[in-house]
>>> print(open('coords.cif').read())   # mmCIF, C-alpha atoms
data_model
loop_
_atom_site.label_atom_id
_atom_site.label_comp_id
_atom_site.auth_asym_id
_atom_site.auth_seq_id
_atom_site.Cartn_x
_atom_site.Cartn_y
_atom_site.Cartn_z
CA MET A 1 -9.66 -0.21 40.71
CA ASP A 2 -6.50 1.79 40.15
CA THR A 3 -3.90 -0.31 38.40
CA SER A 4 -1.63 2.57 37.40
CA LYS A 5 0.95 1.53 40.04
CA ASP A 6 1.34 -1.80 38.28
CA ILE A 7 1.93 -0.33 34.85
CA LYS A 8 5.58 -0.09 33.99
CA VAL A 9 6.28 2.74 31.59
CA ILE A 10 8.52 1.70 28.74
CA SER A 11 11.49 4.03 28.42
CA LYS A 12 12.19 5.78 25.11
CA ASN A 13 15.32 3.75 24.64
CA ASN A 14 13.52 0.47 25.23
CA LEU A 15 10.72 1.53 22.91
CA TYR A 16 13.30 2.19 20.22
CA LYS A 17 14.81 -1.26 20.76
CA ILE A 18 11.38 -2.92 20.59
CA ARG A 19 10.42 -1.11 17.39
CA LYS A 20 13.79 -1.82 15.81
CA LYS A 21 13.49 -5.51 16.67
CA LYS A 22 10.04 -5.61 15.09
CA ILE A 23 11.39 -4.18 11.83
CA GLN A 24 14.36 -6.55 11.99
CA ASP A 25 11.87 -9.43 12.19
CA GLU A 26 9.94 -8.03 9.22
CA ILE A 27 13.17 -7.87 7.20
CA LEU A 28 14.05 -11.47 8.07
CA ALA A 29 10.53 -12.64 7.18
CA ALA A 30 10.69 -10.81 3.84
CA LYS A 31 14.11 -12.32 3.07
CA ARG A 32 12.84 -15.82 3.84
CA ILE A 33 9.79 -15.39 1.64
CA LEU A 34 11.91 -14.12 -1.25
CA GLU A 35 14.51 -16.89 -0.85
CA GLN A 36 11.84 -19.58 -0.79
CA LYS A 37 10.35 -18.27 -4.03
CA ILE A 38 6.94 -18.03 -2.40
CA GLU A 39 4.70 -15.44 -3.98
CA PRO A 40 4.22 -12.84 -1.22
CA ILE A 41 0.87 -11.64 -2.60
CA GLU A 42 -0.51 -15.17 -2.32
CA VAL A 43 0.35 -15.23 1.39
CA ALA A 44 -1.04 -11.72 1.92
CA ASP A 45 -4.22 -12.66 0.06
CA LYS A 46 -4.83 -15.67 2.33
CA PHE A 47 -4.10 -13.56 5.40
CA LEU A 48 -6.51 -10.86 4.24
CA HIS A 49 -9.19 -13.41 3.40
CA GLU A 50 -8.96 -14.98 6.87
CA SER A 51 -8.98 -11.54 8.48
CA PHE A 52 -12.24 -10.66 6.76
CA ILE A 53 -13.78 -13.96 7.88
CA LEU A 54 -12.69 -13.24 11.47
CA MET A 55 -14.09 -9.72 11.32
CA LYS A 56 -17.40 -11.06 10.02
CA GLN A 57 -17.57 -13.67 12.78
CA GLY A 58 -16.69 -11.09 15.45
CA ILE A 59 -19.42 -8.71 14.29
CA LEU A 60 -21.93 -11.54 14.02
CA ASN A 61 -21.15 -12.63 17.58
CA ARG A 62 -21.75 -9.13 18.90
CA TYR A 63 -24.74 -8.35 16.68
CA PRO A 64 -26.45 -11.65 15.82
CA GLU A 65 -29.49 -9.78 14.51
CA LEU A 66 -27.59 -8.12 11.62
CA SER A 67 -28.13 -9.16 8.03
CA GLU A 68 -25.24 -10.08 5.73
CA GLU A 69 -25.44 -6.66 4.06
CA GLU A 70 -25.42 -4.83 7.41
CA ILE A 71 -22.36 -6.82 8.52
CA ASN A 72 -20.60 -5.90 5.28
CA GLN A 73 -21.41 -2.25 5.85
CA LYS A 74 -19.97 -2.43 9.37
CA ILE A 75 -16.78 -3.97 8.02
CA ARG A 76 -16.46 -1.26 5.34
CA LYS A 77 -16.97 1.42 7.98
CA THR A 78 -14.33 -0.09 10.27
CA LEU A 79 -11.86 -0.43 7.42
CA PHE A 80 -12.49 3.14 6.35
CA LEU A 81 -11.87 4.46 9.86
CA SER A 82 -8.70 2.46 10.46
CA GLU A 83 -7.32 3.64 7.11
CA LYS A 84 -8.17 7.24 7.98
CA PHE A 85 -6.36 7.06 11.32
CA LYS A 86 -3.30 5.47 9.77
CA LYS A 87 -3.06 8.08 7.02
CA ASN A 88 -3.40 11.00 9.41
CA ARG A 89 -0.50 10.02 11.63
CA ILE A 90 2.75 10.90 9.88
CA ARG A 91 1.26 13.36 7.40
CA GLY A 92 -0.54 15.21 10.16
CA LYS A 93 2.81 15.74 11.84
CA ASN A 94 4.34 17.18 8.72
CA LEU A 95 1.70 19.79 8.20
CA GLY A 96 3.02 21.97 11.00
CA MET B 1 -9.96 -17.51 -5.28
CA ALA B 2 -9.32 -15.00 -2.46
CA GLU B 3 -9.94 -11.25 -2.61
CA ILE B 4 -6.69 -9.86 -4.07
CA GLU B 5 -6.45 -12.58 -6.71
CA ASN B 6 -10.06 -12.03 -7.70
CA VAL B 7 -9.66 -8.26 -8.05
CA LEU B 8 -6.35 -8.52 -9.92
CA SER B 9 -7.81 -11.10 -12.27
CA ARG B 10 -10.74 -8.83 -13.20
CA LEU B 11 -8.42 -5.85 -13.49
CA TYR B 12 -6.14 -7.81 -15.80
CA ASN B 13 -9.08 -8.40 -18.16
CA VAL B 14 -9.93 -4.69 -18.11
CA PHE B 15 -6.34 -3.65 -18.81
CA GLU B 16 -5.96 -6.16 -21.61
CA ALA B 17 -9.16 -4.97 -23.29
CA THR B 18 -8.54 -1.22 -23.01
CA LYS B 19 -4.79 -1.16 -23.65
CA ILE B 20 -4.56 1.77 -21.25
CA LYS B 21 -1.09 2.41 -19.89
CA TYR B 22 -1.06 1.66 -16.16
CA VAL B 23 1.20 0.78 -13.28
CA ILE B 24 0.45 -0.88 -9.95
CA VAL B 25 2.05 0.97 -7.03
CA GLY B 26 1.45 1.20 -3.25
CA GLY B 27 0.59 -1.70 -0.96
CA ILE B 28 0.36 -4.37 -3.64
CA ALA B 29 3.81 -3.42 -4.95
CA ILE B 30 5.18 -3.41 -1.39
CA ILE B 31 3.83 -6.92 -0.81
CA HIS B 32 5.03 -8.11 -4.23
CA TYR B 33 8.61 -7.21 -3.29
CA GLY B 34 8.45 -9.25 -0.09
CA HIS B 35 6.90 -7.27 2.73
CA ILE B 36 3.72 -9.12 3.64
CA ARG B 37 1.26 -6.80 5.28
CA ALA B 38 -2.40 -5.91 5.17
CA THR B 39 -3.76 -3.61 2.50
CA GLN B 40 -7.25 -2.52 1.63
CA ASP B 41 -6.60 -0.81 -1.63
CA ILE B 42 -5.01 -1.46 -4.95
CA ASP B 43 -3.19 1.69 -6.03
CA ILE B 44 -2.92 2.27 -9.74
CA ILE B 45 -1.59 5.13 -11.85
CA ILE B 46 -3.08 5.37 -15.33
CA GLU B 47 -2.17 7.47 -18.35
CA ASP B 48 -4.15 10.62 -19.09
CA ASP B 49 -5.97 9.53 -22.25
CA TYR B 50 -9.62 10.41 -21.85
CA SER B 51 -11.04 8.05 -24.47
CA LYS B 52 -9.16 5.11 -22.95
CA ILE B 53 -10.16 6.21 -19.45
CA SER B 54 -13.86 6.22 -20.42
CA GLN B 55 -13.53 2.73 -21.84
CA PHE B 56 -11.58 1.66 -18.76
CA LEU B 57 -14.28 2.93 -16.38
CA GLY B 58 -17.04 1.34 -18.43
CA LEU B 59 -15.30 -2.00 -18.28
CA LEU B 60 -14.67 -1.68 -14.55
CA LYS B 61 -18.44 -1.38 -14.14
CA THR B 62 -18.93 -4.48 -16.27
CA TYR B 63 -16.50 -6.32 -14.01
CA GLU B 64 -18.50 -5.35 -10.90
CA PHE B 65 -16.55 -2.39 -9.60
CA ASP B 66 -18.72 0.39 -8.21
CA VAL B 67 -17.67 3.31 -10.43
CA MET B 68 -19.26 6.66 -9.61
CA MET B 69 -18.79 8.73 -12.71
CA ASP B 70 -19.49 12.13 -11.12
CA GLN B 71 -16.83 11.49 -8.45
CA PHE B 72 -14.40 10.39 -11.09
CA GLN B 73 -15.02 13.51 -13.19
CA MET B 74 -14.34 15.68 -10.15
CA ALA B 75 -11.15 13.82 -9.25
CA TYR B 76 -10.04 13.98 -12.88
CA LYS B 77 -10.50 17.75 -12.96
CA GLU B 78 -8.81 18.26 -9.60
CA LYS B 79 -6.03 15.76 -10.42
CA THR B 80 -6.67 13.81 -7.23
CA ASN B 81 -7.07 10.11 -6.45
CA ILE B 82 -10.37 8.37 -6.88
CA SER B 83 -11.50 5.42 -4.79
CA ILE B 84 -13.56 2.79 -6.55
CA PHE B 85 -15.23 0.18 -4.38
CA ASP B 86 -15.50 -3.42 -5.38
CA ASP B 87 -18.97 -4.98 -5.31
CA LYS B 88 -17.47 -8.41 -4.66
CA SER B 89 -15.00 -7.71 -1.84
CA PHE B 90 -13.88 -5.18 0.75
CA LEU B 91 -10.98 -4.07 -1.40
CA ARG B 92 -10.88 -0.74 -3.15
CA LEU B 93 -9.17 0.56 -6.25
CA ASP B 94 -7.32 3.80 -5.69
CA ILE B 95 -6.78 5.30 -9.10
CA LYS B 96 -4.68 8.30 -10.00
CA VAL B 97 -4.55 9.75 -13.49
CA ALA B 98 -0.91 10.67 -14.11
CA ASP B 99 -0.21 14.39 -14.17
CA LYS B 100 3.00 14.86 -12.24
CA LYS B 101 6.47 14.22 -13.63
CA ARG B 102 7.20 11.49 -11.09
CA GLU B 103 3.91 9.72 -11.87
CA TYR B 104 4.74 9.65 -15.58
CA GLU B 105 8.21 8.41 -14.73
CA VAL B 106 6.82 5.44 -12.79
CA LEU B 107 4.34 4.77 -15.59
CA ASN B 108 7.08 4.83 -18.22
CA ASN B 109 9.39 2.62 -16.19
CA ALA B 110 6.79 0.03 -15.21
CA THR B 111 7.82 -3.56 -15.75
CA LYS B 112 5.58 -6.46 -16.65
CA GLN B 113 5.81 -9.07 -13.90
CA SER B 114 3.91 -12.17 -12.98
CA ILE B 115 1.51 -11.58 -10.11
CA LEU B 116 -0.65 -14.53 -9.12
CA GLY B 117 -0.31 -15.97 -12.60
CA LYS B 118 -1.16 -12.76 -14.48
CA LYS B 119 1.37 -10.55 -16.24
CA LEU B 120 0.77 -7.08 -14.87
CA TYR B 121 2.67 -3.79 -14.99
CA ILE B 122 4.17 -2.93 -11.62
CA ALA B 123 6.48 -0.19 -10.40
CA PRO B 124 10.16 -1.18 -10.14
CA LEU B 125 11.41 -1.60 -6.59
CA GLU B 126 13.44 1.64 -6.63
CA TYR B 127 10.35 3.63 -7.63
CA VAL B 128 8.30 1.96 -4.91
CA LEU B 129 10.92 3.09 -2.39
CA ILE B 130 10.94 6.63 -3.81
CA GLY B 131 7.14 6.66 -3.60
CA LYS B 132 7.40 5.80 0.08
CA LEU B 133 9.89 8.63 0.63
CA VAL B 134 7.54 11.08 -1.07
CA TYR B 135 4.59 10.06 1.08
CA MET B 136 6.62 10.22 4.30
CA GLY B 137 7.08 13.94 3.88
CA ASN B 138 9.76 15.72 5.86
CA ILE B 139 11.13 13.37 8.52
CA ILE B 140 14.29 15.26 9.39
CA ASP B 141 13.01 16.58 12.72
CA ILE B 142 11.33 13.35 13.80
CA PRO B 143 13.40 11.29 16.26
CA ILE B 144 14.34 7.85 14.90
CA SER B 145 12.66 6.08 17.83
CA GLU B 146 9.38 7.70 16.81
CA LEU B 147 9.95 7.25 13.07
CA LEU B 148 10.08 3.47 13.41
CA GLU B 149 6.40 3.27 14.25
CA TYR B 150 5.16 4.73 10.95
CA GLN B 151 3.90 2.33 8.32
CA ASP B 152 5.63 4.16 5.44
CA VAL B 153 8.96 3.96 7.28
CA ILE B 154 8.48 0.28 8.15
CA ASP B 155 7.62 -0.45 4.51
CA PHE B 156 10.67 1.42 3.26
CA LEU B 157 13.14 -0.16 5.67
CA THR B 158 11.78 -3.69 5.25
CA LEU B 159 11.86 -3.54 1.46
CA TYR B 160 15.23 -1.84 1.32
CA HIS B 161 17.00 -4.26 3.64
CA ALA B 162 15.29 -7.40 2.33
CA ASN B 163 16.25 -6.53 -1.26
CA LYS B 164 19.51 -4.68 -0.59
CA LYS B 165 21.56 -6.88 -2.94
CA ILE B 166 19.45 -6.10 -5.98
CA ILE B 167 18.56 -2.47 -5.38
CA ASP B 168 20.07 0.12 -7.71
CA THR B 169 21.24 2.43 -4.91
CA LYS B 170 22.68 4.90 -7.41
CA LEU B 171 19.26 5.35 -9.01
CA LEU B 172 17.63 5.64 -5.60
CA LEU B 173 20.01 8.41 -4.53
CA GLU B 174 19.70 10.17 -7.86
CA LYS B 175 15.89 10.22 -7.69
CA ALA B 176 15.91 11.29 -4.03
CA LYS B 177 18.24 14.16 -4.94
CA GLU B 178 15.97 15.23 -7.82
CA MET B 179 13.07 15.49 -5.39
CA ASN B 180 15.02 17.14 -2.58
CA LEU B 181 14.55 14.04 -0.45
CA GLU B 182 18.21 13.16 -0.15
CA ASP B 183 18.44 14.06 3.56
CA ASN B 184 15.41 11.90 4.33
CA LEU B 185 16.90 8.99 2.43
CA VAL B 186 20.26 9.33 4.19
CA LYS B 187 18.50 9.45 7.57
CA LEU B 188 16.67 6.20 6.82
CA LEU B 189 19.74 4.46 5.44
CA GLU B 190 21.74 5.36 8.52
CA ILE B 191 19.52 3.14 10.65
CA LYS B 192 21.44 -0.10 10.87
CA PHE B 193 19.78 -3.49 11.20
CA GLU B 194 22.65 -5.96 10.91
#
>>> encode(input="coords.cif", output="structure tokens")
Amino acid sequence: MDTSKDIKVISKNNLYKIRKKKIQDEILAAKRILEQKIEPIEVADKFLHESFILMKQGILNRYPELSEEEINQKIRKTLFLSEKFKKNRIRGKNLG
Amino acid sequence: MAEIENVLSRLYNVFEATKIKYVIVGGIAIIHYGHIRATQDIDIIIEDDYSKISQFLGLLKTYEFDVMMDQFQMAYKEKTNISIFDDKSFLRLDIKVADKKREYEVLNNATKQSILGKKLYIAPLEYVLIGKLVYMGNIIDIPISELLEYQDVIDFLTLYHANKKIIDTKLLLEKAKEMNLEDNLVKLLEIKFE
């Protein structure tokens, strides 16, 4: 089924506005955290912990036969790949 | 105890025992100054003192970090980063032995701050921002609309604007100038968020 007719391409200008708004939200969130004297690393730690649990559950749902060690290896592999992609983006551009 | 707290707590014990000069930089420093985001590694710069480094690595092993000595030796010779996996979590230590002027500068200007109840040396905010500028590379030719999608840029802008009142802008400009990154800094600061 071709759905390409239904996809609305976001214009460059709108994309800029969307990205800017996202950063604006990040700034506001950071300001709030700092004002409330909450330790940001504590929040990040909880977030990370829950993310790992979710990843584990997701893998286990897809591959119920995997052992704990095999699941951990899959997570490490996924994390390694996502980190690699992220690092390549802006630096890759600057090489040329 | 969740992952970051657990790793930092074991690291604290290692640092206290070895007395090696160190500074926490990267993602953990970014989060510490208010920008909550995911990170998988704990970036640390350590002083180049081989006897202390050997003791440091030995203790990391004792505290259940997966230290591969041959990889470390290679990284030490080539002056590159070394990743050390943690046996108890999915986090990684990313260690760099200081050899560049800017790395020594961060090490010498590190401040002891409370992180999850432990007093640890961390890079001052201005140096975290400069670090981000360095890792961004040359951004002059990249359109702003595109720039805003990069993690390093998001980190820089979030930290800068959230902490604007306390940032030593003079120091930031001075350091950017020293590293020929002044144009990049100006380009980022020209993006208005108010």
>>> atom_distance(input="coords.cif", atom1="CA of Glu83 in chain A", atom2="CA of Thr39 in chain B")
9.3 Å
>>> closest_atom_pairs(input="coords.cif", of="chain A", to="chain B", cutoff="10 Å", atoms="all atoms listed in the file", output="JSON lines")
{"residue": "A:Lys12", "atom": "CA", "partner": "B:Ser145", "partner_atom": "CA", "distance": 7.3}
{"residue": "A:Asn13", "atom": "CA", "partner": "B:Ser145", "partner_atom": "CA", "distance": 7.7}
{"residue": "A:Asn14", "atom": "CA", "partner": "B:Ser145", "partner_atom": "CA", "distance": 9.3}
{"residue": "A:Leu15", "atom": "CA", "partner": "B:Ser145", "partner_atom": "CA", "distance": 7.1}
{"residue": "A:Tyr16", "atom": "CA", "partner": "B:Ser145", "partner_atom": "CA", "distance": 4.6}
{"residue": "A:Lys17", "atom": "CA", "partner": "B:Ser145", "partner_atom": "CA", "distance": 8.2}
{"residue": "A:Ile18", "atom": "CA", "partner": "B:Ser145", "partner_atom": "CA", "distance": 9.5}
{"residue": "A:Arg19", "atom": "CA", "partner": "B:Leu148", "partner_atom": "CA", "distance": 6.1}
{"residue": "A:Lys20", "atom": "CA", "partner": "B:Leu148", "partner_atom": "CA", "distance": 6.9}
{"residue": "A:Lys21", "atom": "CA", "partner": "B:Phe193", "partner_atom": "CA", "distance": 8.6}
{"residue": "A:Lys22", "atom": "CA", "partner": "B:Leu148", "partner_atom": "CA", "distance": 9.2}
{"residue": "A:Ile23", "atom": "CA", "partner": "B:Ile154", "partner_atom": "CA", "distance": 6.5}
{"residue": "A:Gln24", "atom": "CA", "partner": "B:Phe193", "partner_atom": "CA", "distance": 6.3}
{"residue": "A:Asp25", "atom": "CA", "partner": "B:Thr158", "partner_atom": "CA", "distance": 9.0}
{"residue": "A:Glu26", "atom": "CA", "partner": "B:Thr158", "partner_atom": "CA", "distance": 6.2}
{"residue": "A:Ile27", "atom": "CA", "partner": "B:Thr158", "partner_atom": "CA", "distance": 4.8}
{"residue": "A:Leu28", "atom": "CA", "partner": "B:Ala162", "partner_atom": "CA", "distance": 7.1}
{"residue": "A:Ala29", "atom": "CA", "partner": "B:His35", "partner_atom": "CA", "distance": 7.9}
{"residue": "A:Ala30", "atom": "CA", "partner": "B:Gly34", "partner_atom": "CA", "distance": 4.8}
{"residue": "A:Lys31", "atom": "CA", "partner": "B:Ala162", "partner_atom": "CA", "distance": 5.1}
{"residue": "A:Arg32", "atom": "CA", "partner": "B:Gly34", "partner_atom": "CA", "distance": 8.8}
{"residue": "A:Ile33", "atom": "CA", "partner": "B:Gly34", "partner_atom": "CA", "distance": 6.5}
{"residue": "A:Leu34", "atom": "CA", "partner": "B:Gly34", "partner_atom": "CA", "distance": 6.1}
{"residue": "A:Glu35", "atom": "CA", "partner": "B:Gly34", "partner_atom": "CA", "distance": 9.8}
{"residue": "A:Ile38", "atom": "CA", "partner": "B:Gly34", "partner_atom": "CA", "distance": 9.2}
{"residue": "A:Glu39", "atom": "CA", "partner": "B:His32", "partner_atom": "CA", "distance": 7.3}
{"residue": "A:Pro40", "atom": "CA", "partner": "B:Gly34", "partner_atom": "CA", "distance": 5.7}
{"residue": "A:Ile41", "atom": "CA", "partner": "B:His32", "partner_atom": "CA", "distance": 5.7}
{"residue": "A:Glu42", "atom": "CA", "partner": "B:Leu116", "partner_atom": "CA", "distance": 6.8}
{"residue": "A:Val43", "atom": "CA", "partner": "B:Ile36", "partner_atom": "CA", "distance": 7.3}
{"residue": "A:Ala44", "atom": "CA", "partner": "B:Ile36", "partner_atom": "CA", "distance": 5.7}
{"residue": "A:Asp45", "atom": "CA", "partner": "B:Ile4", "partner_atom": "CA", "distance": 5.6}
{"residue": "A:Lys46", "atom": "CA", "partner": "B:Ala2", "partner_atom": "CA", "distance": 6.6}
{"residue": "A:Phe47", "atom": "CA", "partner": "B:Ala38", "partner_atom": "CA", "distance": 7.8}
{"residue": "A:Leu48", "atom": "CA", "partner": "B:Ala38", "partner_atom": "CA", "distance": 6.5}
{"residue": "A:His49", "atom": "CA", "partner": "B:Ala2", "partner_atom": "CA", "distance": 6.1}
{"residue": "A:Glu50", "atom": "CA", "partner": "B:Ala2", "partner_atom": "CA", "distance": 9.3}
{"residue": "A:Ser51", "atom": "CA", "partner": "B:Ala38", "partner_atom": "CA", "distance": 9.3}
{"residue": "A:Phe52", "atom": "CA", "partner": "B:Phe90", "partner_atom": "CA", "distance": 8.3}
{"residue": "A:Asn72", "atom": "CA", "partner": "B:Phe90", "partner_atom": "CA", "distance": 8.1}
{"residue": "A:Gln73", "atom": "CA", "partner": "B:Phe90", "partner_atom": "CA", "distance": 9.6}
{"residue": "A:Ile75", "atom": "CA", "partner": "B:Phe90", "partner_atom": "CA", "distance": 7.9}
{"residue": "A:Arg76", "atom": "CA", "partner": "B:Phe90", "partner_atom": "CA", "distance": 6.6}
{"residue": "A:Leu79", "atom": "CA", "partner": "B:Gln40", "partner_atom": "CA", "distance": 7.7}
{"residue": "A:Phe80", "atom": "CA", "partner": "B:Gln40", "partner_atom": "CA", "distance": 9.0}
{"residue": "A:Glu83", "atom": "CA", "partner": "B:Gln40", "partner_atom": "CA", "distance": 8.2}
{"residue": "A:Lys86", "atom": "CA", "partner": "B:Gln151", "partner_atom": "CA", "distance": 8.0}
{"residue": "A:Lys87", "atom": "CA", "partner": "B:Gln151", "partner_atom": "CA", "distance": 9.1}
{"residue": "A:Arg89", "atom": "CA", "partner": "B:Tyr150", "partner_atom": "CA", "distance": 7.8}
{"residue": "A:Ile90", "atom": "CA", "partner": "B:Tyr150", "partner_atom": "CA", "distance": 6.7}
{"residue": "A:Arg91", "atom": "CA", "partner": "B:Gly137", "partner_atom": "CA", "distance": 6.8}
{"residue": "A:Gly92", "atom": "CA", "partner": "B:Gly137", "partner_atom": "CA", "distance": 10.0}
{"residue": "A:Lys93", "atom": "CA", "partner": "B:Ile142", "partner_atom": "CA", "distance": 9.1}
{"residue": "A:Asn94", "atom": "CA", "partner": "B:Asn138", "partner_atom": "CA", "distance": 6.3}
{"residue": "A:Leu95", "atom": "CA", "partner": "B:Gly137", "partner_atom": "CA", "distance": 9.0}
>>> atom_distance(input="coords.cif", atom1="CA of Ile53 in chain B", atom2="CA of Gly27 in chain B")
22.8 Å
>>> resolve_selection(input="coords.cif", expression="the PyMOL selection byres ((chain B and resi 100) around 12)", output="compact mmCIF listing (two decimals) with C-alpha atoms, in the coordinates of the input")
# COMPACT_ATOMS: atom_id res chain seq x y z
CA ILE B 45 -1.59 5.13 -11.85
CA ILE B 46 -3.08 5.37 -15.33
CA GLU B 47 -2.17 7.47 -18.35
CA ASP B 48 -4.15 10.62 -19.09
CA LYS B 79 -6.03 15.76 -10.42
CA THR B 80 -6.67 13.81 -7.23
CA LYS B 96 -4.68 8.30 -10.00
CA VAL B 97 -4.55 9.75 -13.49
CA ALA B 98 -0.91 10.67 -14.11
CA ASP B 99 -0.21 14.39 -14.17
CA LYS B 101 6.47 14.22 -13.63
CA ARG B 102 7.20 11.49 -11.09
CA GLU B 103 3.91 9.72 -11.87
CA TYR B 104 4.74 9.65 -15.58
CA GLU B 105 8.21 8.41 -14.73
CA VAL B 106 6.82 5.44 -12.79
CA LEU B 107 4.34 4.77 -15.59
>>> residues_around(input="coords.cif", residues="Asp183 in chain B", least_positions_apart="2", cutoff="12 Å", atoms="only C-alpha atoms", output="CSV table (one decimal) with C-alpha atoms, in the frame of the given file")
chain,number,residue,atom,x,y,z
B,133,LEU,CA,9.9,8.6,0.6
B,137,GLY,CA,7.1,13.9,3.9
B,138,ASN,CA,9.8,15.7,5.9
B,139,ILE,CA,11.1,13.4,8.5
B,140,ILE,CA,14.3,15.3,9.4
B,141,ASP,CA,13.0,16.6,12.7
B,173,LEU,CA,20.0,8.4,-4.5
B,176,ALA,CA,15.9,11.3,-4.0
B,177,LYS,CA,18.2,14.2,-4.9
B,178,GLU,CA,16.0,15.2,-7.8
B,179,MET,CA,13.1,15.5,-5.4
B,180,ASN,CA,15.0,17.1,-2.6
B,181,LEU,CA,14.6,14.0,-0.4
B,185,LEU,CA,16.9,9.0,2.4
B,186,VAL,CA,20.3,9.3,4.2
B,187,LYS,CA,18.5,9.4,7.6
B,188,LEU,CA,16.7,6.2,6.8
B,189,LEU,CA,19.7,4.5,5.4
B,190,GLU,CA,21.7,5.4,8.5
>>> atom_distance(input="coords.cif", atom1="CA of Leu120 in chain B", atom2="CA of Asn13 in chain B")
10.5 Å
>>> resolve_selection(input="coords.cif", expression="the PyMOL selection byres ((chain B and resi 87) around 6)", output="list of chain:residue names")
B:Glu64, B:Phe65, B:Asp86, B:Lys88, B:Ser89
>>> axis_aligned_box(input="coords.cif", around="range 116-121 of chain B", padding_each_side="3 Å", output="AutoDock Vina command-line options")
--center_x 0.8 --center_y -9.9 --center_z -12.7 --size_x 9.8 --size_y 18.2 --size_z 13.1
>>> resolve_selection(input="coords.cif", expression="the PyMOL selection byres ((chain B and resi 54) around 12)", output="count of residues only")
23
>>> residues_around(input="coords.cif", residues="Asp70 in chain B", least_positions_apart="4", cutoff="12 Å", atoms="only C-alpha atoms", output="count of residues only")
7
>>> build_atoms(input="coords.cif", residues="range 32-44 of chain A", atoms="N, CA and C atoms", output="PDB file, in the frame of the given file")
ATOM      1  N   ARG A  32      13.208 -14.388   3.912  1.00  0.00           N
ATOM      2  CA  ARG A  32      12.840 -15.820   3.840  1.00  0.00           C
ATOM      3  C   ARG A  32      11.836 -16.078   2.736  1.00  0.00           C
ATOM      4  N   ILE A  33      10.831 -15.237   2.667  1.00  0.00           N
ATOM      5  CA  ILE A  33       9.790 -15.390   1.640  1.00  0.00           C
ATOM      6  C   ILE A  33      10.426 -15.310   0.250  1.00  0.00           C
ATOM      7  N   LEU A  34      11.301 -14.320   0.062  1.00  0.00           N
ATOM      8  CA  LEU A  34      11.910 -14.120  -1.250  1.00  0.00           C
ATOM      9  C   LEU A  34      12.842 -15.292  -1.607  1.00  0.00           C
ATOM     10  N   GLU A  35      13.577 -15.770  -0.606  1.00  0.00           N
ATOM     11  CA  GLU A  35      14.510 -16.890  -0.850  1.00  0.00           C
ATOM     12  C   GLU A  35      13.748 -18.177  -1.198  1.00  0.00           C
ATOM     13  N   GLN A  36      12.605 -18.344  -0.564  1.00  0.00           N
ATOM     14  CA  GLN A  36      11.840 -19.580  -0.790  1.00  0.00           C
ATOM     15  C   GLN A  36      10.999 -19.538  -2.050  1.00  0.00           C
ATOM     16  N   LYS A  37      11.091 -18.449  -2.774  1.00  0.00           N
ATOM     17  CA  LYS A  37      10.350 -18.270  -4.030  1.00  0.00           C
ATOM     18  C   LYS A  37       8.838 -18.423  -3.839  1.00  0.00           C
ATOM     19  N   ILE A  38       8.392 -18.025  -2.652  1.00  0.00           N
ATOM     20  CA  ILE A  38       6.940 -18.030  -2.400  1.00  0.00           C
ATOM     21  C   ILE A  38       6.414 -16.697  -2.899  1.00  0.00           C
ATOM     22  N   GLU A  39       5.231 -16.717  -3.511  1.00  0.00           N
ATOM     23  CA  GLU A  39       4.700 -15.440  -3.980  1.00  0.00           C
ATOM     24  C   GLU A  39       4.086 -14.685  -2.790  1.00  0.00           C
ATOM     25  N   PRO A  40       4.694 -13.549  -2.416  1.00  0.00           N
ATOM     26  CA  PRO A  40       4.220 -12.840  -1.220  1.00  0.00           C
ATOM     27  C   PRO A  40       2.748 -12.440  -1.295  1.00  0.00           C
ATOM     28  N   ILE A  41       2.277 -12.086  -2.494  1.00  0.00           N
ATOM     29  CA  ILE A  41       0.870 -11.640  -2.600  1.00  0.00           C
ATOM     30  C   ILE A  41      -0.084 -12.798  -2.294  1.00  0.00           C
ATOM     31  N   GLU A  42       0.338 -14.003  -2.616  1.00  0.00           N
ATOM     32  CA  GLU A  42      -0.510 -15.170  -2.320  1.00  0.00           C
ATOM     33  C   GLU A  42      -0.691 -15.306  -0.803  1.00  0.00           C
ATOM     34  N   VAL A  43       0.410 -15.120  -0.072  1.00  0.00           N
ATOM     35  CA  VAL A  43       0.350 -15.230   1.390  1.00  0.00           C
ATOM     36  C   VAL A  43      -0.516 -14.103   1.950  1.00  0.00           C
ATOM     37  N   ALA A  44      -0.278 -12.876   1.443  1.00  0.00           N
ATOM     38  CA  ALA A  44      -1.040 -11.720   1.920  1.00  0.00           C
ATOM     39  C   ALA A  44      -2.532 -11.893   1.632  1.00  0.00           C
TER      40      ALA A  44
END
